[in-house]
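The next block is target.pdb, given as PDB, C-alpha atoms, pLDDT in the B column.
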```pdb
ATOM      1  CA  MET Q  60      78.747  51.621 354.536  1.00 65.00           C
ATOM      2  CA  LYS Q  61      80.188  51.527 358.053  1.00 82.00           C
ATOM      3  CA  LEU Q  62      82.026  48.259 358.643  1.00 92.00           C
ATOM      4  CA  PHE Q  63      81.372  46.318 361.841  1.00 93.00           C
ATOM      5  CA  THR Q  64      84.499  46.181 364.007  1.00 93.00           C
ATOM      6  CA  ASP Q  65      83.414  45.262 367.531  1.00 93.00           C
ATOM      7  CA  PRO Q  66      83.172  41.481 368.073  1.00 95.00           C
ATOM      8  CA  ALA Q  67      83.473  42.019 371.831  1.00 94.00           C
ATOM      9  CA  ALA Q  68      80.107  43.818 371.695  1.00 89.00           C
ATOM     10  CA  LEU Q  69      78.639  40.514 370.464  1.00 89.00           C
ATOM     11  CA  GLY Q  70      80.018  38.708 373.493  1.00 90.00           C
ATOM     12  CA  LEU Q  71      82.797  37.092 371.465  1.00 96.00           C
ATOM     13  CA  GLU Q  72      86.227  36.692 373.018  1.00 97.00           C
ATOM     14  CA  GLN Q  73      89.629  36.509 371.375  1.00 98.00           C
ATOM     15  CA  THR Q  74      90.861  32.938 371.046  1.00 98.00           C
ATOM     16  CA  PHE Q  75      93.881  32.859 368.714  1.00 97.00           C
ATOM     17  CA  VAL Q  76      95.536  34.805 365.925  1.00 98.00           C
ATOM     18  CA  MET Q  77      96.832  33.734 362.532  1.00 96.00           C
ATOM     19  CA  THR Q  78     100.162  35.472 362.027  1.00 96.00           C
ATOM     20  CA  THR Q  79     101.989  34.242 358.903  1.00 92.00           C
ATOM     21  CA  ALA Q  80     101.886  31.610 356.188  1.00 87.00           C
ATOM     22  CA  PRO Q  81     105.392  30.923 354.881  1.00 86.00           C
ATOM     23  CA  ALA Q  82     105.194  29.808 351.239  1.00 86.00           C
ATOM     24  CA  HIS Q  83     107.744  27.015 351.752  1.00 85.00           C
ATOM     25  CA  LYS Q  84     106.046  25.384 354.763  1.00 79.00           C
ATOM     26  CA  THR Q  85     103.310  22.827 354.113  1.00 69.00           C
ATOM     27  CA  PHE Q  86     101.644  19.908 355.821  1.00 64.00           C
ATOM     28  CA  TYR Q  87      99.949  16.910 354.269  1.00 68.00           C
ATOM     29  CA  TYR Q  88      96.276  16.392 355.049  1.00 66.00           C
ATOM     30  CA  ARG Q  89      93.694  14.347 353.138  1.00 69.00           C
ATOM     31  CA  ARG Q  90      95.841  13.804 350.050  1.00 77.00           C
ATOM     32  CA  GLU Q  91      96.795  17.452 349.767  1.00 72.00           C
ATOM     33  CA  HIS Q  92      99.745  19.608 350.705  1.00 74.00           C
ATOM     34  CA  LYS Q  93      98.379  22.661 352.510  1.00 76.00           C
ATOM     35  CA  ARG Q  94     100.320  25.733 353.471  1.00 84.00           C
ATOM     36  CA  VAL Q  95     101.041  26.088 357.138  1.00 77.00           C
ATOM     37  CA  ILE Q  96      99.279  29.033 358.747  1.00 88.00           C
ATOM     38  CA  GLU Q  97     101.272  29.956 361.816  1.00 92.00           C
ATOM     39  CA  SER Q  98      99.272  30.982 364.840  1.00 95.00           C
ATOM     40  CA  ARG Q  99      99.531  32.183 368.404  1.00 97.00           C
ATOM     41  CA  VAL Q 100      97.027  31.164 371.041  1.00 97.00           C
ATOM     42  CA  LEU Q 101      95.518  34.035 373.022  1.00 98.00           C
ATOM     43  CA  SER Q 102      93.358  31.884 375.284  1.00 98.00           C
ATOM     44  CA  GLU Q 103      94.250  28.228 375.700  1.00 97.00           C
ATOM     45  CA  TRP Q 104      91.133  27.787 377.831  1.00 97.00           C
ATOM     46  CA  ARG Q 105      88.848  29.173 375.087  1.00 97.00           C
ATOM     47  CA  LEU Q 106      90.554  27.145 372.366  1.00 97.00           C
ATOM     48  CA  ARG Q 107      90.711  23.775 374.133  1.00 97.00           C
ATOM     49  CA  GLY Q 108      88.422  24.060 377.133  1.00 97.00           C
ATOM     50  CA  VAL Q 109      85.171  25.681 375.991  1.00 97.00           C
ATOM     51  CA  ALA Q 110      82.953  23.049 374.383  1.00 97.00           C
ATOM     52  CA  GLY Q 111      80.536  23.697 371.547  1.00 96.00           C
ATOM     53  CA  PRO Q 112      78.167  24.261 370.038  1.00 98.00           C
ATOM     54  CA  LEU Q 113      79.727  27.660 369.494  1.00 97.00           C
ATOM     55  CA  ILE Q 114      79.964  30.555 367.099  1.00 97.00           C
ATOM     56  CA  TYR Q 115      83.254  32.006 365.913  1.00 97.00           C
ATOM     57  CA  ALA Q 116      84.345  34.989 363.888  1.00 97.00           C
ATOM     58  CA  VAL Q 117      87.506  36.169 362.151  1.00 97.00           C
ATOM     59  CA  THR Q 118      88.573  39.797 362.076  1.00 98.00           C
ATOM     60  CA  ASP Q 119      91.169  41.262 359.759  1.00 97.00           C
ATOM     61  CA  CYS Q 120      94.228  43.247 360.860  1.00 97.00           C
ATOM     62  CA  ASP Q 121      92.071  46.380 361.208  1.00 96.00           C
ATOM     63  CA  GLY Q 122      89.552  44.602 363.434  1.00 97.00           C
ATOM     64  CA  VAL Q 123      86.860  44.414 360.736  1.00 97.00           C
ATOM     65  CA  LEU Q 124      84.576  41.396 361.006  1.00 97.00           C
ATOM     66  CA  ARG Q 125      85.326  39.263 357.922  1.00 97.00           C
ATOM     67  CA  TYR Q 126      84.055  35.743 358.593  1.00 96.00           C
ATOM     68  CA  VAL Q 127      81.360  34.157 360.756  1.00 97.00           C
ATOM     69  CA  GLY Q 128      81.178  30.410 361.355  1.00 96.00           C
ATOM     70  CA  LYS Q 129      79.717  27.805 363.653  1.00 96.00           C
ATOM     71  CA  TRP Q 130      80.880  24.628 365.331  1.00 96.00           C
ATOM     72  CA  VAL Q 131      77.949  22.462 366.392  1.00 96.00           C
ATOM     73  CA  SER Q 132      79.967  19.616 367.859  1.00 96.00           C
ATOM     74  CA  ALA Q 133      80.237  19.258 371.640  1.00 96.00           C
ATOM     75  CA  THR Q 134      84.021  19.519 371.337  1.00 96.00           C
ATOM     76  CA  PRO Q 135      86.123  22.702 371.738  1.00 97.00           C
ATOM     77  CA  LEU Q 136      87.033  25.065 368.896  1.00 96.00           C
ATOM     78  CA  TYR Q 137      90.459  23.434 368.620  1.00 95.00           C
ATOM     79  CA  ALA Q 138      88.778  20.412 367.007  1.00 93.00           C
ATOM     80  CA  ARG Q 139      87.269  22.648 364.335  1.00 92.00           C
ATOM     81  CA  TRP Q 140      90.328  24.714 363.487  1.00 91.00           C
ATOM     82  CA  PHE Q 141      93.390  22.502 363.995  1.00 87.00           C
ATOM     83  CA  ARG Q 142      94.727  19.292 362.451  1.00 79.00           C
ATOM     84  CA  HIS Q 143      98.077  17.895 363.542  1.00 73.00           C
ATOM     85  CA  SER Q 144      98.472  21.023 365.738  1.00 82.00           C
ATOM     86  CA  LEU Q 145      98.230  23.269 362.649  1.00 77.00           C
ATOM     87  CA  VAL Q 146      95.515  25.686 361.550  1.00 82.00           C
ATOM     88  CA  HIS Q 147      93.186  23.959 359.143  1.00 74.00           C
ATOM     89  CA  HIS Q 148      90.022  25.344 357.627  1.00 65.00           C
ATOM     90  CA  GLN Q 149      87.887  24.731 354.567  1.00 69.00           C
ATOM     91  CA  THR Q 150      89.529  25.708 351.298  1.00 66.00           C
ATOM     92  CA  SER Q 151      87.223  28.607 350.418  1.00 74.00           C
ATOM     93  CA  SER Q 152      87.814  30.591 353.617  1.00 79.00           C
ATOM     94  CA  ARG Q 153      91.443  29.483 353.837  1.00 80.00           C
ATOM     95  CA  THR Q 154      92.004  31.256 350.505  1.00 88.00           C
ATOM     96  CA  PHE Q 155      90.964  34.559 352.086  1.00 93.00           C
ATOM     97  CA  TYR Q 156      93.176  34.001 355.127  1.00 94.00           C
ATOM     98  CA  LEU Q 157      96.193  33.214 352.960  1.00 93.00           C
ATOM     99  CA  ARG Q 158      95.569  36.256 350.753  1.00 95.00           C
ATOM    100  CA  GLU Q 159      95.579  38.542 353.805  1.00 96.00           C
ATOM    101  CA  LEU Q 160      98.630  36.919 355.378  1.00 96.00           C
ATOM    102  CA  ASP Q 161     100.566  36.960 352.084  1.00 94.00           C
ATOM    103  CA  ALA Q 162      99.850  40.692 351.749  1.00 96.00           C
ATOM    104  CA  GLY Q 163     101.245  41.268 355.255  1.00 96.00           C
ATOM    105  CA  ARG Q 164      97.853  42.246 356.653  1.00 96.00           C
ATOM    106  CA  THR Q 165      98.293  40.500 359.982  1.00 96.00           C
ATOM    107  CA  PRO Q 166      97.231  39.301 362.383  1.00 98.00           C
ATOM    108  CA  LEU Q 167      93.837  37.774 361.683  1.00 97.00           C
ATOM    109  CA  THR Q 168      92.046  37.241 364.989  1.00 98.00           C
ATOM    110  CA  VAL Q 169      89.678  34.360 365.711  1.00 98.00           C
ATOM    111  CA  TRP Q 170      86.984  35.068 368.299  1.00 98.00           C
ATOM    112  CA  SER Q 171      84.532  32.611 369.860  1.00 98.00           C
ATOM    113  CA  LEU Q 172      81.538  32.214 372.146  1.00 96.00           C
ATOM    114  CA  SER Q 173      79.735  29.013 373.091  1.00 97.00           C
ATOM    115  CA  ALA Q 174      75.979  28.520 373.250  1.00 94.00           C
ATOM    116  CA  SER Q 175      76.188  27.889 376.990  1.00 93.00           C
ATOM    117  CA  GLU Q 176      78.075  31.174 377.473  1.00 93.00           C
ATOM    118  CA  LEU Q 177      75.465  32.941 375.370  1.00 88.00           C
ATOM    119  CA  ARG Q 178      72.710  31.596 377.589  1.00 86.00           C
ATOM    120  CA  GLN Q 179      74.559  32.693 380.739  1.00 84.00           C
ATOM    121  CA  ARG Q 180      75.214  36.230 379.505  1.00 78.00           C
ATOM    122  CA  PHE Q 181      72.134  37.073 377.453  1.00 75.00           C
ATOM    123  CA  LEU Q 182      68.437  36.264 377.358  1.00 67.00           C
ATOM    124  CA  VAL Q 183      68.312  34.428 374.044  1.00 71.00           C
ATOM    125  CA  GLN Q 184      65.812  32.008 372.503  1.00 70.00           C
ATOM    126  CA  PRO Q 185      65.120  29.646 375.433  1.00 74.00           C
ATOM    127  CA  ASN Q 186      62.937  27.507 373.152  1.00 83.00           C
ATOM    128  CA  MET Q 187      65.876  26.488 370.917  1.00 88.00           C
ATOM    129  CA  THR Q 188      68.508  23.824 371.404  1.00 93.00           C
ATOM    130  CA  ASP Q 189      72.099  25.017 371.605  1.00 94.00           C
ATOM    131  CA  THR Q 190      72.693  23.826 368.032  1.00 96.00           C
ATOM    132  CA  GLN Q 191      69.627  25.670 366.725  1.00 94.00           C
ATOM    133  CA  LEU Q 192      70.710  28.806 368.582  1.00 92.00           C
ATOM    134  CA  ILE Q 193      74.201  28.764 367.058  1.00 95.00           C
ATOM    135  CA  GLU Q 194      72.953  27.907 363.558  1.00 96.00           C
ATOM    136  CA  ASN Q 195      70.443  30.745 363.595  1.00 93.00           C
ATOM    137  CA  LEU Q 196      72.895  33.217 365.089  1.00 93.00           C
ATOM    138  CA  GLU Q 197      75.433  32.398 362.386  1.00 96.00           C
ATOM    139  CA  GLY Q 198      72.781  32.888 359.701  1.00 96.00           C
ATOM    140  CA  LEU Q 199      71.565  36.164 361.195  1.00 93.00           C
ATOM    141  CA  TRP Q 200      75.043  37.650 361.537  1.00 94.00           C
ATOM    142  CA  ILE Q 201      75.973  36.611 357.978  1.00 96.00           C
ATOM    143  CA  GLN Q 202      72.733  38.157 356.760  1.00 95.00           C
ATOM    144  CA  ARG Q 203      73.368  41.336 358.746  1.00 93.00           C
ATOM    145  CA  TRP Q 204      77.040  41.877 357.806  1.00 95.00           C
ATOM    146  CA  GLY Q 205      77.243  39.829 354.588  1.00 92.00           C
ATOM    147  CA  GLY Q 206      78.517  42.736 352.514  1.00 94.00           C
ATOM    148  CA  GLN Q 207      81.791  42.851 354.444  1.00 96.00           C
ATOM    149  CA  LEU Q 208      82.206  39.101 354.993  1.00 97.00           C
ATOM    150  CA  TRP Q 209      84.241  36.507 353.129  1.00 94.00           C
ATOM    151  CA  ASN Q 210      81.472  33.949 353.709  1.00 93.00           C
ATOM    152  CA  LYS Q 211      80.054  32.566 350.467  1.00 89.00           C
ATOM    153  CA  HIS Q 212      77.380  30.365 352.013  1.00 90.00           C
ATOM    154  CA  ARG Q 213      74.274  32.172 353.313  1.00 92.00           C
ATOM    155  CA  PRO Q 214      72.625  29.856 355.863  1.00 94.00           C
ATOM    156  CA  PRO Q 215      68.919  30.211 356.611  1.00 93.00           C
ATOM    157  CA  VAL Q 216      67.527  31.923 359.692  1.00 94.00           C
ATOM    158  CA  ALA Q 217      64.275  30.907 361.380  1.00 90.00           C
ATOM    159  CA  ALA Q 218      61.591  33.553 360.809  1.00 88.00           C
ATOM    160  CA  THR Q 219      61.080  33.900 364.568  1.00 83.00           C
ATOM    161  CA  PHE Q 220      64.771  34.192 365.440  1.00 86.00           C
ATOM    162  CA  SER Q 221      66.165  37.424 366.842  1.00 79.00           C
ATOM    163  CA  ASP Q 222      69.289  38.297 368.746  1.00 78.00           C
ATOM    164  CA  GLY Q 223      67.297  40.843 370.697  1.00 69.00           C
ATOM    165  CA  GLU Q 224      68.460  44.245 371.772  1.00 48.00           C
ATOM    166  CA  TYR Q 225      71.912  43.063 372.780  1.00 51.00           C
ATOM    167  CA  TRP Q 226      73.792  43.380 369.486  1.00 44.00           C
ATOM    168  CA  LYS Q 227      72.092  46.234 367.626  1.00 34.00           C
TER
END
```
Encoded form using structure tokens:
Amino acid sequence: MKLFTDPAALGLEQTFVMTTAPAHKTFYYRREHKRVIESRVLSEWRLRGVAGPLIYAVTDCDGVLRYVGKWVSATPLYARWFRHSLVHHQTSSRTFYLRELDAGRTPLTVWSLSASELRQRFLVQPNMTDTQLIENLEGLWIQRWGGQLWNKHRPPVAATFSDGEYWK
């Protein structure tokens, strides 16, 4: 099985990288001490300036696509990924990130693309709202590359949804 390694071909752009997770550094959030995942911003504009809905992906240190997610809020990706200026993510995917960082397989790169950018760059599903577009795209990409992804949840995809000829 050839692993997918070209998020740029999907229109995604690098946003930030996760670099380390020192075992002794934690932050308190929602009654839990979570390990700090240190990061470096690659595009401040993408992270804080590009509003959702948007799709994002995480690649491992070899550039292999490992996680696909969505953010359907009208706020930027920063609101999805950061709490108290620190990387925060749901526990299930965070476990994978920490495993990679602890093993020294760094950096993990987070890529993103908003629905409005998708519509500007590609001819995609004009009959769908931005939220529907992002939800279906997430589901399709997880379906397509699920064997190499850390995603556990397999969201549905509308029977009529296609990402066209652009990403094959």
- Please identify all polymer residues within 12 Å of Gln184 (chain Q), counting all atoms listed in the file, omitting same-chain residues fewer than 6 positions from it, and present them as a PyMOL selection string. chain Q and resi 174+177-178+190-193+195-196+217+219-223
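Taking all atoms listed in the file into account, Thr165 (chain Q) lies nearest to Q:Gly122 out of the set Q:Gly205, Q:Pro214, Q:Gly122, Q:Pro185.
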- Message: Just the number, please: distance in Å from CA of Arg125 (chain Q) to CA of Arg90 (chain Q), one decimal.
- Response: 28.6 Å
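Closest approach to Val169 (chain Q) among Q:Thr154, Q:Gln207, Q:Ser98, Q:Thr134: Q:Ser98, based on all atoms listed in the file.
If you apply the PyMOL selection byres ((chain Q and resi 73) around 7) to this structure, you end up with Leu71, Glu72, Thr74, Phe75, Leu101, Thr168, Val169, Trp170 and Ser171 of chain Q.
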- Using the chain letters and numbers from the file, give me the residues hit by the PyMOL selection byres ((chain Q and resi 78) around 8), as a PyMOL selection string. chain Q and resi 76-77+79-80+96-99+160+165-167
Given 8 Å of margin on each side, can you work out the centre and size in Å (one decimal) of an axis-aligned box holding every listed atom of region 189-202 of chain Q, as JSON?
```
{"center_x": 72.8, "center_y": 31.0, "center_z": 364.2, "size_x": 22.3, "size_y": 30.3, "size_z": 30.8}
```
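Counting all atoms listed in the file and comparing Q:Cys120, Q:Leu62, Q:Gln179, Q:Pro112, the residue that lies closest to Ser132 (chain Q) is Q:Pro112.
The residue that comes closest to Val100 (chain Q), out of Q:Ala82, Q:Val131, Q:Ala162, Q:Leu136 and on the basis of all atoms listed in the file, is Q:Leu136.
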- Query: Quick one: of Q:Asp189, Q:Asp119, Q:Glu197, Q:Glu91, who's nearest to Asp65 (chain Q), counting only C-alpha atoms?
  - Reply: Q:Asp119
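Here CA of Phe181 (chain Q) and CA of Arg107 (chain Q) stand 23.1 Å from one another.
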- Note on the structure: Correct to one decimal, the distance CA of Tyr156 (chain Q)-CA of Leu69 (chain Q) is 22.1 Å
Show which residues sit within 9 Å of Val95 (chain Q), as an mmCIF file with C-alpha atoms, in the coordinates of the input. Count only C-alpha atoms, and ignore same-chain residues fewer than 5 positions away.
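What landed in result_37.cif:
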```cif
data_model
loop_
_atom_site.group_PDB
_atom_site.id
_atom_site.type_symbol
_atom_site.label_atom_id
_atom_site.label_comp_id
_atom_site.auth_asym_id
_atom_site.auth_seq_id
_atom_site.Cartn_x
_atom_site.Cartn_y
_atom_site.Cartn_z
ATOM 1 C CA THR Q 79 101.989 34.242 358.903
ATOM 2 C CA ALA Q 80 101.886 31.610 356.188
ATOM 3 C CA PRO Q 81 105.392 30.923 354.881
ATOM 4 C CA ALA Q 82 105.194 29.808 351.239
ATOM 5 C CA HIS Q 83 107.744 27.015 351.752
ATOM 6 C CA LYS Q 84 106.046 25.384 354.763
ATOM 7 C CA THR Q 85 103.310 22.827 354.113
ATOM 8 C CA PHE Q 86 101.644 19.908 355.821
ATOM 9 C CA LEU Q 145 98.230 23.269 362.649
ATOM 10 C CA VAL Q 146 95.515 25.686 361.550
ATOM 11 C CA HIS Q 147 93.186 23.959 359.143
#
```
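Every residue that the PyMOL selection byres ((chain Q and resi 210) around 8) selects in this file is listed here: Arg125, Tyr126, Val127, Ser152, Ile201, Gly205, Leu208, Trp209, Lys211, His212 and Arg213 of chain Q.
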- Message: Env of Ala133 (chain Q): 9 Å cut, atoms = all atoms listed in the file, seq-sep filter 6 positions within chain, self excluded. Answer as an MDAnalysis selection string.
- Response: chainID Q and resid 110:113
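With only C-alpha atoms as the atoms that count, the minimum distance from Arg139 (chain Q) to the choices Q:Ile114, Q:Asp161, Q:Arg94, Q:Val123 is reached by Q:Ile114.
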Using the block above, I'd like region 122-142 of chain Q written out, keeping N, CA and C atoms and formatting it as a tab-separated table (two decimals), in the first residue's frame.
```tsv
chain	number	residue	atom	x	y	z
Q	122	GLY	N	6.17	13.05	6.46
Q	122	GLY	CA	5.23	13.68	5.54
Q	122	GLY	C	4.02	12.83	5.20
Q	123	VAL	N	3.84	11.71	5.88
Q	123	VAL	CA	2.70	10.83	5.63
Q	123	VAL	C	1.45	11.41	6.30
Q	124	LEU	N	0.38	11.48	5.55
Q	124	LEU	CA	-0.90	11.94	6.09
Q	124	LEU	C	-1.34	10.96	7.18
Q	125	ARG	N	-1.59	11.49	8.40
Q	125	ARG	CA	-1.95	10.63	9.53
Q	125	ARG	C	-3.27	10.98	10.18
Q	126	TYR	N	-3.75	12.19	9.99
Q	126	TYR	CA	-5.01	12.58	10.64
Q	126	TYR	C	-5.71	13.62	9.78
Q	127	VAL	N	-7.03	13.48	9.66
Q	127	VAL	CA	-7.85	14.45	8.94
Q	127	VAL	C	-8.96	14.90	9.89
Q	128	GLY	N	-9.16	16.21	9.99
Q	128	GLY	CA	-10.20	16.75	10.85
Q	128	GLY	C	-10.88	17.94	10.22
Q	129	LYS	N	-11.93	18.39	10.89
Q	129	LYS	CA	-12.68	19.55	10.40
Q	129	LYS	C	-12.89	20.52	11.55
Q	130	TRP	N	-13.14	21.75	11.18
Q	130	TRP	CA	-13.50	22.82	12.11
Q	130	TRP	C	-14.63	23.56	11.44
Q	131	VAL	N	-15.86	23.41	11.93
Q	131	VAL	CA	-17.01	23.99	11.25
Q	131	VAL	C	-17.43	25.34	11.81
Q	132	SER	N	-16.72	25.82	12.80
Q	132	SER	CA	-16.98	27.14	13.35
Q	132	SER	C	-16.48	28.21	12.37
Q	133	ALA	N	-17.01	29.41	12.50
Q	133	ALA	CA	-16.57	30.53	11.65
Q	133	ALA	C	-15.31	31.20	12.20
Q	134	THR	N	-14.69	30.60	13.19
Q	134	THR	CA	-13.47	31.14	13.77
Q	134	THR	C	-12.24	30.45	13.15
Q	135	PRO	N	-11.05	31.05	13.30
Q	135	PRO	CA	-9.84	30.46	12.74
Q	135	PRO	C	-9.43	29.16	13.43
Q	136	LEU	N	-8.49	28.45	12.83
Q	136	LEU	CA	-8.00	27.17	13.33
Q	136	LEU	C	-7.42	27.29	14.74
Q	137	TYR	N	-6.88	28.44	15.07
Q	137	TYR	CA	-6.33	28.65	16.41
Q	137	TYR	C	-7.35	28.28	17.47
Q	138	ALA	N	-8.60	28.64	17.26
Q	138	ALA	CA	-9.66	28.36	18.24
Q	138	ALA	C	-9.92	26.86	18.39
Q	139	ARG	N	-9.61	26.09	17.39
Q	139	ARG	CA	-9.79	24.64	17.46
Q	139	ARG	C	-8.63	23.95	18.15
Q	140	TRP	N	-7.42	24.44	17.92
Q	140	TRP	CA	-6.22	23.73	18.35
Q	140	TRP	C	-5.57	24.24	19.62
Q	141	PHE	N	-5.85	25.47	20.04
Q	141	PHE	CA	-5.10	26.04	21.16
Q	141	PHE	C	-6.01	26.47	22.29
Q	142	ARG	N	-5.55	26.20	23.53
Q	142	ARG	CA	-6.17	26.69	24.75
Q	142	ARG	C	-5.05	27.29	25.59
```
